[in-house]
$ cat input.txt   # compact mmCIF, C-alpha atoms
# COMPACT_ATOMS: atom_id res chain seq x y z
CA MET A 201 22.12 -44.96 -13.76
CA SER A 202 21.92 -41.24 -14.48
CA PHE A 203 24.97 -39.12 -13.64
CA ILE A 204 25.05 -35.35 -13.98
CA ALA A 205 28.15 -33.29 -13.28
CA ILE A 206 28.01 -29.57 -12.61
CA ILE A 207 31.44 -27.99 -13.01
CA ASN A 208 33.14 -24.57 -12.84
CA GLY A 209 30.74 -23.15 -10.31
CA ARG A 210 30.73 -21.56 -6.88
CA LEU A 211 28.78 -23.56 -4.30
CA ILE A 212 26.83 -21.65 -1.66
CA ASP A 213 26.88 -24.32 1.04
CA PRO A 214 24.16 -23.83 3.69
CA ALA A 215 25.86 -26.25 6.11
CA SER A 216 29.19 -24.41 6.32
CA LYS A 217 27.84 -21.00 5.24
CA LYS A 218 30.84 -20.78 2.95
CA ILE A 219 31.23 -20.32 -0.79
CA VAL A 220 33.36 -23.09 -2.30
CA GLU A 221 34.81 -23.27 -5.80
CA GLY A 222 33.84 -26.47 -7.63
CA GLY A 223 30.71 -28.35 -8.54
CA LEU A 224 28.37 -31.26 -7.84
CA LEU A 225 27.98 -34.82 -8.99
CA LEU A 226 24.34 -35.93 -9.09
CA LYS A 227 23.44 -39.62 -9.11
CA GLU A 228 19.91 -41.00 -9.34
CA GLY A 229 18.34 -37.81 -8.06
CA ARG A 230 20.70 -37.28 -5.13
CA ILE A 231 23.93 -35.38 -4.53
CA ALA A 232 26.76 -37.93 -4.74
CA ALA A 233 29.74 -35.58 -4.39
CA CYS A 234 30.41 -31.88 -3.95
CA GLY A 235 33.36 -29.56 -4.23
CA GLN A 236 36.15 -30.80 -6.48
CA ILE A 237 34.53 -33.61 -8.47
CA ASP A 238 35.51 -35.97 -11.28
CA PRO A 239 33.07 -35.40 -14.18
CA SER A 240 34.51 -38.16 -16.38
CA GLN A 241 31.78 -40.69 -15.54
CA ALA A 242 28.89 -38.28 -16.01
CA ASP A 243 26.27 -38.77 -18.72
CA ASN A 244 25.65 -35.02 -18.80
CA VAL A 245 28.00 -32.18 -17.88
CA ILE A 246 26.72 -28.69 -17.05
CA ASP A 247 29.30 -25.92 -17.16
CA ALA A 248 28.20 -23.33 -14.61
CA GLU A 249 30.66 -20.86 -16.18
CA GLY A 250 31.50 -19.30 -12.84
CA GLY A 251 27.88 -19.05 -11.76
CA TYR A 252 26.62 -19.72 -8.26
CA ILE A 253 25.19 -23.12 -7.34
CA ALA A 254 22.59 -23.20 -4.56
CA PRO A 255 19.70 -25.33 -3.33
CA ALA A 256 16.58 -24.79 -5.43
CA ILE A 257 14.19 -22.22 -4.00
CA ILE A 258 11.43 -23.36 -1.64
CA ASP A 259 8.58 -20.86 -1.88
CA PRO A 260 6.36 -20.81 1.24
CA THR A 261 3.55 -18.71 -0.25
CA VAL A 262 2.01 -19.22 -3.69
CA PHE A 263 -1.61 -18.94 -4.72
CA SER A 264 -1.37 -20.74 -8.06
CA VAL A 265 0.49 -23.77 -9.39
CA ASP A 266 2.33 -22.31 -12.37
CA LEU A 267 5.04 -24.74 -13.46
CA PRO A 268 6.69 -22.67 -16.24
CA ALA A 269 7.09 -19.72 -13.87
CA PHE A 270 8.47 -21.92 -11.08
CA ILE A 271 10.99 -23.59 -13.36
CA LYS A 272 12.18 -20.30 -14.82
CA GLY A 273 12.51 -18.91 -11.31
CA GLY A 274 14.60 -21.77 -9.95
CA ILE A 275 11.83 -22.96 -7.61
CA GLY A 276 11.70 -26.66 -6.76
CA ARG A 277 9.09 -26.75 -3.99
CA VAL A 278 6.10 -24.56 -3.15
CA ALA A 279 3.53 -24.28 -0.39
CA LEU A 280 0.14 -23.74 -2.01
CA MET A 281 -2.18 -21.43 -0.09
CA PRO A 282 -5.70 -22.82 0.51
CA ASP A 283 -7.37 -20.03 -1.50
CA GLN A 284 -8.34 -22.26 -4.38
CA SER A 285 -11.68 -23.06 -5.99
CA PRO A 286 -12.93 -24.77 -3.92
CA ALA A 287 -10.91 -23.87 -0.83
CA LEU A 288 -8.56 -26.60 0.38
CA ASP A 289 -10.64 -27.61 3.39
CA GLU A 290 -11.00 -31.37 2.82
CA ALA A 291 -8.54 -34.27 2.64
CA ALA A 292 -9.47 -35.18 -0.95
CA LEU A 293 -8.75 -31.64 -2.11
CA ILE A 294 -5.35 -31.72 -0.40
CA GLN A 295 -4.48 -34.98 -2.18
CA ARG A 296 -5.49 -33.60 -5.57
CA ALA A 297 -3.54 -30.38 -5.10
CA LYS A 298 -0.49 -32.32 -3.91
CA ALA A 299 -0.28 -34.09 -7.28
CA SER A 300 -0.56 -30.87 -9.32
CA GLY A 301 3.18 -30.28 -9.64
CA GLY A 302 3.96 -33.62 -11.30
CA GLU A 303 7.67 -34.39 -11.34
CA ALA A 304 8.70 -30.81 -12.00
CA VAL A 305 7.77 -29.14 -8.71
CA GLU A 306 6.86 -30.52 -5.29
CA VAL A 307 3.57 -28.95 -4.21
CA TYR A 308 2.69 -28.83 -0.51
CA PRO A 309 -0.96 -27.84 -0.11
CA LEU A 310 -1.75 -25.87 3.04
CA ALA A 311 -4.89 -26.83 4.92
CA ALA A 312 -7.58 -24.18 5.28
CA GLY A 313 -7.93 -23.22 8.92
CA SER A 314 -11.68 -22.82 8.64
CA ARG A 315 -14.33 -24.36 6.43
CA GLY A 316 -14.46 -22.53 3.13
CA LEU A 317 -11.98 -20.03 4.60
CA GLU A 318 -15.03 -18.26 6.01
CA GLY A 319 -13.70 -17.95 9.56
CA ARG A 320 -16.78 -19.49 11.18
CA GLU A 321 -15.86 -23.06 12.10
CA LEU A 322 -12.72 -25.17 12.14
CA ALA A 323 -11.94 -27.39 9.19
CA GLU A 324 -10.89 -31.05 9.60
CA ILE A 325 -7.21 -30.25 10.01
CA GLY A 326 -6.18 -33.67 11.29
CA LEU A 327 -7.60 -35.43 8.24
CA MET A 328 -5.90 -32.95 5.93
CA GLN A 329 -2.59 -33.45 7.72
CA ARG A 330 -2.82 -37.19 7.08
CA ALA A 331 -3.58 -36.40 3.43
CA GLY A 332 -0.34 -34.43 3.12
CA ALA A 333 -0.92 -30.89 4.41
CA LYS A 334 2.32 -29.51 5.85
CA ALA A 335 0.77 -26.56 7.69
CA VAL A 336 -2.50 -24.70 8.24
CA ALA A 337 -3.27 -21.27 6.78
CA THR A 338 -5.94 -18.61 7.11
CA GLY A 339 -5.55 -17.74 3.40
CA ARG A 340 -5.80 -14.22 2.03
CA GLN A 341 -7.68 -12.98 5.08
CA TRP A 342 -7.56 -13.07 8.85
CA ILE A 343 -9.80 -15.02 11.19
CA ALA A 344 -11.73 -12.25 12.94
CA ASP A 345 -13.17 -14.47 15.67
CA SER A 346 -10.45 -14.59 18.34
CA GLY A 347 -12.08 -17.62 19.95
CA LEU A 348 -11.87 -19.54 16.69
CA MET A 349 -8.27 -18.44 16.14
CA TYR A 350 -7.39 -19.64 19.64
CA ARG A 351 -8.96 -23.04 18.99
CA LEU A 352 -7.19 -23.28 15.64
CA LEU A 353 -3.80 -22.58 17.21
CA ASP A 354 -4.48 -24.96 20.09
CA TYR A 355 -5.59 -27.76 17.75
CA ALA A 356 -2.66 -27.20 15.37
CA ALA A 357 -0.21 -27.26 18.29
CA SER A 358 -1.54 -30.67 19.37
CA LEU A 359 -0.86 -31.95 15.84
CA GLY A 360 2.59 -30.37 15.58
CA LEU A 361 1.47 -28.09 12.74
CA THR A 362 2.40 -24.47 12.11
CA VAL A 363 -0.39 -21.93 11.53
CA ILE A 364 0.28 -19.45 8.71
CA SER A 365 -1.54 -16.19 9.37
CA HIS A 366 -2.55 -13.32 7.11
CA ALA A 367 -2.23 -10.17 9.20
CA GLU A 368 -4.81 -7.58 8.15
CA ASP A 369 -7.73 -6.48 10.29
CA GLY A 370 -10.63 -6.81 7.87
CA GLY A 371 -12.70 -4.28 9.78
CA LEU A 372 -10.14 -1.62 8.92
CA THR A 373 -9.17 -2.77 5.43
CA LYS A 374 -12.59 -3.65 3.98
CA GLY A 375 -13.10 -1.78 0.73
CA CYS A 376 -9.64 -0.21 0.90
CA VAL A 377 -7.05 -0.49 -1.86
CA ALA A 378 -4.07 1.42 -0.45
CA THR A 379 -2.21 2.42 2.70
CA GLU A 380 -3.16 5.69 4.37
CA GLY A 381 -0.69 8.42 3.53
CA LEU A 382 0.17 11.21 1.15
CA MET A 383 0.12 9.03 -1.97
CA ALA A 384 -3.34 7.61 -1.28
CA SER A 385 -4.63 11.11 -0.59
CA ARG A 386 -3.15 12.46 -3.83
CA LEU A 387 -4.72 9.64 -5.84
CA GLY A 388 -8.03 9.81 -4.01
CA LEU A 389 -7.90 6.12 -3.08
CA ARG A 390 -9.77 4.59 -0.19
CA ALA A 391 -7.03 3.63 2.25
CA ALA A 392 -6.56 1.80 5.53
CA PRO A 393 -4.06 2.67 8.26
CA ALA A 394 -0.92 0.55 8.30
CA VAL A 395 -1.68 -0.37 11.91
CA ALA A 396 -4.33 -2.76 10.57
CA GLU A 397 -1.47 -5.24 10.18
CA ALA A 398 0.07 -4.83 13.63
CA ILE A 399 -3.30 -5.24 15.37
CA VAL A 400 -3.59 -8.78 14.03
CA VAL A 401 0.09 -9.51 14.71
CA ALA A 402 -0.32 -8.51 18.36
CA ARG A 403 -3.39 -10.69 18.87
CA ASP A 404 -2.02 -13.73 17.07
CA LEU A 405 1.30 -13.53 18.90
CA MET A 406 -0.47 -13.55 22.26
CA LEU A 407 -2.63 -16.51 21.24
CA ALA A 408 0.38 -18.38 19.87
CA GLU A 409 2.27 -17.81 23.11
CA GLU A 410 -0.72 -19.00 25.12
CA THR A 411 -1.16 -22.20 23.10
CA GLY A 412 2.50 -22.91 22.38
CA CYS A 413 1.72 -23.17 18.66
CA LYS A 414 4.24 -22.30 15.99
CA ILE A 415 2.99 -19.34 13.96
CA HIS A 416 4.26 -17.97 10.67
CA PHE A 417 3.14 -14.63 9.28
CA ALA A 418 2.99 -15.02 5.51
CA GLN A 419 3.96 -11.40 4.90
CA LEU A 420 4.64 -8.52 7.25
CA THR A 421 5.41 -5.07 5.94
CA THR A 422 5.26 -2.42 8.71
CA LYS A 423 7.56 -1.11 11.42
CA LYS A 424 5.05 -1.69 14.21
CA SER A 425 4.66 -5.32 13.18
CA PHE A 426 8.42 -5.90 13.13
CA ASP A 427 8.79 -4.29 16.55
CA LEU A 428 6.21 -6.75 17.91
CA ILE A 429 8.03 -9.69 16.30
CA ARG A 430 11.35 -8.63 17.81
CA GLN A 431 9.81 -8.59 21.27
CA ALA A 432 8.10 -11.94 20.73
CA LYS A 433 11.29 -13.63 19.53
CA GLU A 434 13.16 -12.31 22.55
CA LYS A 435 10.47 -13.90 24.76
CA GLY A 436 10.82 -17.22 22.96
CA VAL A 437 7.53 -17.24 21.08
CA LYS A 438 7.71 -19.71 18.19
CA VAL A 439 7.25 -17.22 15.37
CA THR A 440 8.66 -16.79 11.87
CA VAL A 441 8.06 -14.08 9.28
CA GLY A 442 7.96 -13.96 5.49
CA ILE A 443 8.08 -11.11 3.02
CA ASN A 444 7.94 -10.60 -0.72
CA PRO A 445 11.03 -8.66 -1.90
CA ALA A 446 8.66 -6.22 -3.62
CA TYR A 447 7.97 -4.63 -0.22
CA LEU A 448 11.70 -4.15 0.33
CA LEU A 449 12.29 -2.54 -3.07
CA LEU A 450 9.05 -0.67 -3.79
CA SER A 451 6.85 1.76 -1.88
CA ASP A 452 3.40 3.26 -2.37
CA ARG A 453 4.87 5.85 -4.75
CA HIS A 454 4.98 3.06 -7.36
CA THR A 455 1.17 3.29 -7.52
CA GLU A 456 1.44 6.93 -8.58
CA ASP A 457 0.09 6.40 -12.09
CA PHE A 458 -2.67 4.06 -10.86
CA ARG A 459 -0.48 1.12 -11.91
CA THR A 460 -2.67 -1.87 -11.16
CA PHE A 461 0.36 -4.19 -11.40
CA ALA A 462 1.44 -2.46 -8.17
CA ARG A 463 -1.84 -3.22 -6.42
CA LEU A 464 -0.78 -5.90 -3.96
CA SER A 465 -2.10 -7.54 -0.80
CA PRO A 466 -1.08 -6.16 1.63
CA PRO A 467 -0.79 -2.85 -0.22
CA LEU A 468 2.60 -1.25 -0.80
CA ARG A 469 3.61 0.84 2.18
CA GLY A 470 5.10 4.27 2.72
CA GLU A 471 8.85 4.83 2.59
CA ASP A 472 9.26 4.70 6.38
CA ASP A 473 7.76 1.23 6.53
CA ARG A 474 9.81 0.10 3.52
CA LEU A 475 12.99 1.17 5.27
CA ALA A 476 11.82 -0.57 8.45
CA SER A 477 11.34 -3.74 6.40
CA VAL A 478 14.91 -3.49 5.12
CA GLU A 479 16.16 -3.07 8.68
CA ALA A 480 14.11 -6.10 9.80
CA LEU A 481 15.76 -8.09 7.04
CA ARG A 482 19.19 -6.84 8.01
CA ASP A 483 18.85 -7.76 11.70
CA GLY A 484 17.23 -11.17 11.20
CA VAL A 485 13.60 -10.46 12.15
CA ILE A 486 12.53 -11.60 8.66
CA ASP A 487 13.08 -15.34 8.21
CA MET A 488 12.20 -16.06 4.58
CA PHE A 489 11.31 -14.65 1.19
CA CYS A 490 8.19 -15.63 -0.70
CA SER A 491 6.87 -14.84 -4.16
CA ALA A 492 3.17 -14.65 -3.22
CA HIS A 493 2.76 -15.84 -6.82
CA ASP A 494 -0.74 -14.87 -7.93
CA PRO A 495 -0.89 -14.36 -11.71
CA ARG A 496 -3.83 -12.16 -12.73
CA ASP A 497 -4.96 -11.77 -16.32
CA ALA A 498 -6.18 -8.66 -18.11
CA GLU A 499 -9.74 -9.10 -16.87
CA ASP A 500 -8.46 -8.65 -13.32
CA LYS A 501 -5.82 -5.97 -13.89
CA ARG A 502 -6.89 -3.80 -16.85
CA LEU A 503 -9.44 -2.06 -14.70
CA PRO A 504 -9.61 1.11 -12.63
CA PHE A 505 -7.23 0.77 -9.68
CA ILE A 506 -10.05 0.43 -7.17
CA ASP A 507 -11.62 -2.45 -9.14
CA ALA A 508 -8.44 -4.36 -10.03
CA LYS A 509 -7.62 -7.55 -8.13
CA PRO A 510 -4.56 -7.46 -5.87
CA GLY A 511 -1.66 -9.83 -6.47
CA MET A 512 1.50 -10.25 -8.54
CA ALA A 513 3.23 -12.84 -10.67
CA GLY A 514 6.29 -13.15 -8.46
CA ALA A 515 7.79 -16.61 -9.01
CA GLU A 516 10.20 -16.01 -11.87
CA THR A 517 11.51 -12.73 -10.43
CA LEU A 518 11.88 -13.96 -6.83
CA LEU A 519 15.60 -14.70 -7.07
CA SER A 520 16.44 -11.67 -9.20
CA ALA A 521 14.56 -9.30 -6.90
CA SER A 522 16.17 -10.90 -3.84
CA LEU A 523 19.61 -10.45 -5.38
CA GLU A 524 19.04 -6.69 -5.42
CA LEU A 525 19.34 -6.84 -1.63
CA VAL A 526 22.67 -8.64 -2.03
CA HIS A 527 23.95 -6.03 -4.49
CA GLN A 528 22.84 -3.31 -2.06
CA GLY A 529 24.85 -4.95 0.74
CA VAL A 530 21.81 -5.61 2.95
CA ILE A 531 22.43 -9.39 3.05
CA ASP A 532 25.12 -11.75 1.79
CA LEU A 533 24.73 -14.86 -0.37
CA SER A 534 24.71 -17.29 2.56
CA ARG A 535 21.85 -15.37 4.16
CA LEU A 536 20.09 -15.30 0.80
CA VAL A 537 20.07 -19.10 0.67
CA GLU A 538 18.63 -19.24 4.18
CA LEU A 539 15.87 -16.84 3.15
CA LEU A 540 15.06 -18.65 -0.10
CA SER A 541 15.50 -22.30 0.86
CA VAL A 542 16.79 -23.38 4.25
CA ASN A 543 14.24 -21.70 6.51
CA ALA A 544 11.27 -22.63 4.33
CA ALA A 545 12.37 -26.28 4.42
CA GLN A 546 12.34 -26.07 8.22
CA LEU A 547 8.93 -24.39 8.21
CA LEU A 548 7.39 -27.10 6.04
CA GLY A 549 9.40 -30.01 7.41
CA CYS A 550 10.40 -31.06 3.91
CA GLU A 551 13.52 -32.07 2.01
CA GLY A 552 15.55 -29.52 0.12
CA GLY A 553 17.58 -26.55 1.24
CA GLY A 554 20.92 -28.39 1.28
CA LEU A 555 23.95 -29.20 -0.84
CA SER A 556 25.37 -32.05 1.25
CA VAL A 557 26.08 -35.54 -0.01
CA GLY A 558 22.84 -37.54 0.11
CA ASP A 559 20.55 -34.51 -0.22
CA GLU A 560 17.92 -34.56 -2.95
CA ALA A 561 19.32 -32.95 -6.10
CA ASP A 562 17.17 -29.82 -6.19
CA ILE A 563 19.55 -27.22 -7.60
CA VAL A 564 19.47 -23.70 -8.98
CA ILE A 565 22.39 -22.13 -10.84
CA PHE A 566 22.40 -18.39 -11.39
CA ASP A 567 24.51 -15.61 -12.85
CA ILE A 568 24.62 -12.92 -10.18
CA ASP A 569 25.60 -10.11 -12.55
CA ARG A 570 23.52 -10.81 -15.66
CA GLU A 571 21.41 -7.75 -16.44
CA TRP A 572 18.03 -8.03 -18.12
CA GLN A 573 14.87 -6.00 -18.42
CA LEU A 574 11.60 -7.50 -17.26
CA ASP A 575 8.88 -7.46 -19.90
CA SER A 576 5.60 -8.65 -18.40
CA ALA A 577 4.34 -9.65 -21.84
CA LYS A 578 7.16 -12.17 -22.20
CA MET A 579 6.96 -13.78 -18.77
CA ALA A 580 6.57 -17.55 -18.51
CA ALA A 581 3.82 -17.15 -15.91
CA LYS A 582 0.13 -17.65 -16.67
CA ALA A 583 -0.09 -13.85 -16.57
CA GLY A 584 2.59 -11.19 -16.30
CA ASN A 585 1.22 -8.85 -13.67
CA SER A 586 4.53 -7.83 -12.10
CA PRO A 587 5.14 -4.52 -10.31
CA PHE A 588 8.71 -4.84 -11.66
CA ASP A 589 7.50 -4.56 -15.27
CA GLY A 590 10.08 -2.58 -17.24
CA ARG A 591 12.65 -2.69 -14.45
CA MET A 592 16.28 -3.57 -15.13
CA MET A 593 17.08 -6.66 -13.06
CA ARG A 594 20.55 -7.86 -12.11
CA GLY A 595 20.91 -11.60 -11.61
CA LYS A 596 19.22 -14.43 -13.50
CA VAL A 597 18.55 -18.15 -13.15
CA THR A 598 20.46 -20.16 -15.77
CA HIS A 599 19.59 -23.73 -14.72
CA THR A 600 16.90 -25.40 -12.63
CA ILE A 601 17.31 -29.04 -11.60
CA LYS A 602 14.64 -30.98 -9.69
CA GLY A 603 15.38 -34.42 -8.30
CA GLY A 604 18.33 -34.75 -10.66
CA LYS A 605 16.27 -33.81 -13.74
CA ILE A 606 17.35 -30.79 -15.76
CA LEU A 607 14.29 -28.59 -16.29
CA LEU A 608 15.97 -25.38 -17.44

$ encode --input "input.txt" --output "structure tokens"
Amino acid sequence: MSFIAIINGRLIDPASKKIVEGGLLLKEGRIAACGQIDPSQADNVIDAEGGYIAPAIIDPTVFSVDLPAFIKGGIGRVALMPDQSPALDEAALIQRAKASGGEAVEVYPLAAGSRGLEGRELAEIGLMQRAGAKAVATGRQWIADSGLMYRLLDYAASLGLTVISHAEDGGLTKGCVATEGLMASRLGLRAAPAVAEAIVVARDLMLAEETGCKIHFAQLTTKKSFDLIRQAKEKGVKVTVGINPAYLLLSDRHTEDFRTFARLSPPLRGEDDRLASVEALRDGVIDMFCSAHDPRDAEDKRLPFIDAKPGMAGAETLLSASLELVHQGVIDLSRLVELLSVNAAQLLGCEGGGLSVGDEADIVIFDIDREWQLDSAKMAAKAGNSPFDGRMMRGKVTHTIKGGKILL
């Protein structure tokens, strides 16, 4: 038998929403005791040194399986978007992707909503669900055909699956690399109006209400979108919303020097929309954080801004960036755990997100006050394309435990 004791920590308990002094006893991959424990029988003792102990992060939006980055970021489970090569539109591809995390990280492949993610015909969602797909996703782009989107939502609802939507009207955003506004004008960048997001949100919310399907927007970033979500939630539409903390901390001014690391999808927004995103986080419209982990190498980023590929390596900075919102007083630590673990577990219908006796021992320990400077060249990720490059971060993962195995 393998016993691990974690002592001298502060437990952020999702069940009670309280912070409790003490630790955990882990036995054969499960939590055997919590709070004030007896470490004398443990084979291995981890001294948290006053750090916070929380459920390992469950990341609902990643585009690449990148184990070193996940481990360093305290991530135990990820939902892999279907934008792979080839697209995850067949059962065999789902099964192969599911095994890609090994014992270090649980990978939940998301089924492509349409064949090849081309938005022309439905993929075999039922077969992919039986192969292990936890949800259905449109990938990096929207489904322009409203009839097809309706059928997708209707079919997914009959299977009890959530549809994860990317909200950008491709007719407005095609060929654009920025959000319309003063910054895009100053830089001479082709830009799309921010309303391109809300247009898709409005349509998909109406279709989701009509079909009764659960819908999750992978990332929303504009005031008009959040206003629509508020109204939909008040009506009882089954909708949840994700966001990458980058959109809460950065605005389009961070592209001022044509910094391709700051070229994201959706693009960084103006300050008004950034502040609206913070308010949506504060009042509960936003349900979860995601890393949108998409490491891009030099061939994709060391290019003129208009030619560079969008995306960021977000996994290992997800917790640190999220903690900035705690330090700013926007959210507290209990809410942070909901955003990083609890709500994603509910979205995917998976284990994790808890610290109760019997829960799987997926644990992250972090020092909330440790300051460090991000150097993209030293990141554990496959590539270090982070818009936070050079930024002083406050808060760092010290230990990652998956299924009772110490990975970091």

$ closest_residue --input "input.txt" --among "A:Ser314, A:Gln295, A:Gln419, A:Ser346" --to "Met328 (chain A)" --atoms "all atoms listed in the file"
A:Gln295

$ residues_around --input "input.txt" --residues "Gln284 (chain A)" --least-positions-apart "3" --cutoff "12 Å" --atoms "all atoms listed in the file" --output "PyMOL selection string"
chain A and resi 262-265+280-281+287-290+293-294+296-297+309-312+316-317+339-340+494

$ closest_residue --input "input.txt" --among "A:Val485, A:Ala513, A:Ala391, A:Ile563" --to "Gly584 (chain A)" --atoms "all atoms listed in the file"
A:Ala513

$ closest_residue --input "input.txt" --among "A:Lys334, A:Arg469, A:His366, A:Arg430" --to "Pro393 (chain A)" --atoms "only C-alpha atoms"
A:Arg469

$ residues_near_point --input "input.txt" --point "(10.0, -1.9, 8.1)" --cutoff "8 Å" --atoms "all atoms listed in the file" --output "ChimeraX atom specification"
/A:421-424,426,472-480

$ residues_around --input "input.txt" --residues "Phe417 (chain A)" --least-positions-apart "4" --cutoff "10 Å" --atoms "all atoms listed in the file" --output "JSON, numbers by chain"
{"A": [337, 363, 364, 365, 366, 367, 401, 404, 405, 429, 439, 440, 441, 442, 443, 486]}

$ residues_around --input "input.txt" --residues "Arg320 (chain A)" --least-positions-apart "6" --cutoff "12 Å" --atoms "only C-alpha atoms" --output "list in words"
Ala312, Gly313, Ser314, Thr338, Trp342, Ile343, Ala344, Asp345, Ser346, Gly347, Leu348, Met349, Arg351 and Leu352 of chain A

$ atom_distance --input "input.txt" --atom1 "CA of Leu327 (chain A)" --atom2 "CA of Ser300 (chain A)"
19.5 Å

$ atom_distance --input "input.txt" --atom1 "CA of Thr362 (chain A)" --atom2 "CA of Gly273 (chain A)"
26.1 Å

$ atom_distance --input "input.txt" --atom1 "CA of Val278 (chain A)" --atom2 "CA of Lys501 (chain A)"
24.6 Å
